[in-house]
Structures are given as C-alpha cells and as structure tokens.
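*Asks:* Please read through the structure below; I'll follow up with questions.
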Amino acid sequence: MFTETRYERVDFSDAEILEEKLSGITFIDCIFRGADFAAIILEGCRFERCRFEGAAFNGVTVRRCGFINCTFQYADCFAAEFHDCKMTGTSFDGARTTAMVIDAGDWRLTMLEGIDFTKARLKDISFAEADLRECCFNSAVLTRCDFTGADICGASFKNADLRTSRLANVSLLDADFKGAKVDLEQAVLFAEALGVKVIL
C-alpha cells in the first residue's frame, strides 16, 4: 500500500494496513479514521496533524516515531507500545488504552485524561504541561519523569515511587499522593504547597 516516503492530505479511512512494518515514512494531514493497523511495527515514521479516530491500533509497536498534534479519539490502543516517541500535542480522548506501554519519549502537551497507569514502570518520559486529569498512577514506578506544569487535577499517585521525577509548577493538592515515595526536593514542594516553611 505504501510505496512513497511522504504522504500529504491522503484519506486512508477504513483501510486495512497489511504491511508488517513501516519505516521512515512521513504523513502530514492524513486521515486514518477507522483504519486497521493489525499489530504493525512502526519505526522512524512521522505523523503530523493526522487523525486516527476509531482506528484499530491495538498491539501496534511504535519505535522512535513522531506523532505531532494528532488525535486518537476513540481509537483502540489496547496493548499498543510506544518506545522513545515524540507525541507533542497528541490527544487520546476516549481511546481504549488498557495495557498501553510508554517507554521513554516526549509526551509534552498530550491529552491523556483518565488513562490508567496503575503499577506501570515509566522511565525518562516528559509529561510537561500534559493533561493528566483523573489519571491513575497508583503503585507506579516513575523514574526521571517530568511533570512540570502538568494538569493533575483528580489524578491518583497512591503508593507511587516519584523519586527522581520533577513536580515543578504542579498543583500538588489537586491530586492524591497518599503513601507515595518522594525525595527531599519533592518533600519541600509538598510542604510549600501546604504553607509549611521548611528550614534545613
């Protein structure tokens, strides 16, 4: 199906993607509404302002790809894996994200409201300024993750390990951190949020 290295403003709606792997292809303003990606491997591809509404993205493995200002509204992303990807401004509103894996990458300004990351092991991910409202990070291990400026209203981090992660410019009192493990720098941020003066 894909014989070119660049596609722009092409409608792939309801297409059945039969390739086992796609590498190094750029898609700009393309539509994949209802398309079936059938557990494909995507590697080094770039998608800009592409639409995946209702697409079957379950079981897809994505490596070092960029999804810039894309939308996965109501897509099935069950067990999809994203490894070291740039997802800036992409929305997963209403998507099925059960067992979705995120391994490193830039997820700044993404819309991930309500996603369940319970017991996930997340490492080297930037969630800066992302919409993480109502997300569940209970018992997750968050290593070197950046939550700077993220909206965590209603999110839960119960028993999560947040040590080494960044929590700058976050409204800490809007989320549940009961039992979470934090380092000294983070403890100071929590104290300041409570109006407590820390003297070291």
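All residue names refer to the structure tokens as shown: chains lettered A, B, ... in order, residues numbered from 1 in each chain, ligands numbered from 1 in order.
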Find the residues near region 43-53 of chain A: any atom within 8 Å, counting only C-alpha atoms, skip ones fewer than 5 places away on the same chain, and give them as a PDB file with C-alpha atoms, in the first residue's frame.
*Replies:*
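Everything below was put into result_4.pdb:
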```pdb
ATOM      1  CA  LYS A  21       6.448  -2.959   9.240  1.00  0.00           C
ATOM      2  CA  LEU A  22       6.612   0.657   8.080  1.00  0.00           C
ATOM      3  CA  SER A  23       9.860   2.619   8.400  1.00  0.00           C
ATOM      4  CA  GLY A  24      10.899   6.203   7.683  1.00  0.00           C
ATOM      5  CA  ILE A  25       7.628   7.416   6.147  1.00  0.00           C
ATOM      6  CA  THR A  26       6.187  10.893   6.743  1.00  0.00           C
ATOM      7  CA  PHE A  27       2.428  11.500   6.869  1.00  0.00           C
ATOM      8  CA  ILE A  28       1.074  15.060   7.021  1.00  0.00           C
ATOM      9  CA  ASP A  29      -2.615  15.934   7.469  1.00  0.00           C
ATOM     10  CA  CYS A  30      -3.629  12.358   6.641  1.00  0.00           C
ATOM     11  CA  ILE A  31      -6.787  10.628   7.838  1.00  0.00           C
ATOM     12  CA  PHE A  32      -6.718   7.091   9.230  1.00  0.00           C
ATOM     13  CA  ARG A  33     -10.258   7.113  10.619  1.00  0.00           C
ATOM     14  CA  GLY A  34     -11.345   3.525  11.314  1.00  0.00           C
ATOM     15  CA  ALA A  35      -8.161   2.090   9.778  1.00  0.00           C
ATOM     16  CA  VAL A  62       5.893   2.081  17.720  1.00  0.00           C
ATOM     17  CA  ARG A  63       9.610   2.880  17.876  1.00  0.00           C
ATOM     18  CA  ARG A  64      11.200   6.336  17.614  1.00  0.00           C
ATOM     19  CA  CYS A  65       8.236   7.833  15.779  1.00  0.00           C
ATOM     20  CA  GLY A  66       6.722  11.301  15.984  1.00  0.00           C
ATOM     21  CA  PHE A  67       3.004  11.991  16.367  1.00  0.00           C
ATOM     22  CA  ILE A  68       2.678  15.779  16.385  1.00  0.00           C
ATOM     23  CA  ASN A  69      -0.764  17.250  17.113  1.00  0.00           C
ATOM     24  CA  CYS A  70      -2.506  14.016  16.124  1.00  0.00           C
ATOM     25  CA  THR A  71      -5.731  12.619  17.547  1.00  0.00           C
ATOM     26  CA  PHE A  72      -6.518   9.047  18.613  1.00  0.00           C
ATOM     27  CA  GLN A  73     -10.061   9.856  19.733  1.00  0.00           C
ATOM     28  CA  TYR A  74     -11.952   6.601  20.460  1.00  0.00           C
ATOM     29  CA  ALA A  75      -9.140   4.552  18.903  1.00  0.00           C
TER      30      ALA A  75
END
```
*Asks:* Taking the backbone alone, and naming residues the way the document does, which bits of region 20-112 of chain A are strand (DSSP E or B) by DSSP, as an MDAnalysis selection string?
*Replies:* chainID A and resid 21:23 26:28 31 36 41:43 46:48 51 56 61:63 66:68 71 76 81:86 91 96 101:106 111
*Asks:* Considering only C-alpha atoms, can you say which of A:Asn58, A:Ser171, A:Ser139, A:Gln186 comes closest to Ala80 (chain A)?
*Replies:*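 Ranking A:Asn58, A:Ser171, A:Ser139, A:Gln186 by distance to Ala80 (chain A), first place goes to A:Asn58.
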*Asks:* Residues near Leu194 (chain A), anyone? I mean within 8 Å using only C-alpha atoms, not counting same-chain ones fewer than 3 positions away, as a list in words.
*Replies:*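 The filter keeps Leu173, Phe190 and Ala191 of chain A.
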*Asks:* Using only C-alpha atoms, determine which residues lie at most 6 Å from Asp151 (chain A), disregarding the query and same-chain residues fewer than 6 positions distant; provide the list as a list in words.
*Replies:*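 Near Asp151 (chain A), the qualifying residues are Asp131, Leu132 and Arg133 of chain A.
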*Asks:* CA of Met111 (chain A) and CA of Ala140 (chain A), how far apart in Å?
*Replies:* 19.4 Å
*Asks:* Which is closer to Ala128 (chain A) than all the others in A:Gly114, A:Gly149, A:Gly154, A:Gly94, using only C-alpha atoms?
*Replies:*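 The shortest atom-to-atom distance to Ala128 (chain A) comes from A:Gly149.
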*Asks:* Which value, in Å to one decimal, gives the distance between CA of Ala155 (chain A) and CA of Lys178 (chain A)?
*Replies:* 11.5 Å
*Asks:* Select from region 47-186 of chain A everything DSSP, run on the backbone, classes as helix (DSSP H, G or I), then give the selection as a ChimeraX atom specification.
*Replies:* /A:172-174,184-186
*Asks:* Could you please take those selected residues and save C-alpha atoms as a PDB file, in the first residue's frame?
*Replies:*
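File produced: again_38.pdb:
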```pdb
ATOM      1  CA  LEU A 172       0.043  19.077  44.244  1.00  0.00           C
ATOM      2  CA  LEU A 173      -3.033  19.490  46.423  1.00  0.00           C
ATOM      3  CA  ASP A 174      -5.328  18.666  43.498  1.00  0.00           C
ATOM      4  CA  LEU A 184      13.827  15.552  49.754  1.00  0.00           C
ATOM      5  CA  GLU A 185      13.370  18.114  46.992  1.00  0.00           C
ATOM      6  CA  GLN A 186       9.850  16.879  46.346  1.00  0.00           C
TER       7      GLN A 186
END
```
*Asks:* Using only C-alpha atoms for the distances, tell me which of A:Asp161, A:Glu113, A:Asp11, A:Glu81 is nearest to Glu134 (chain A).
*Replies:*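 Using only C-alpha atoms, the shortest distance to Glu134 (chain A) belongs to A:Glu113.
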*Asks:* What is the distance between CA of Ala130 (chain A) and CA of Ala104 (chain A), in Å to one decimal?
*Replies:*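 A separation of 15.0 Å between them.
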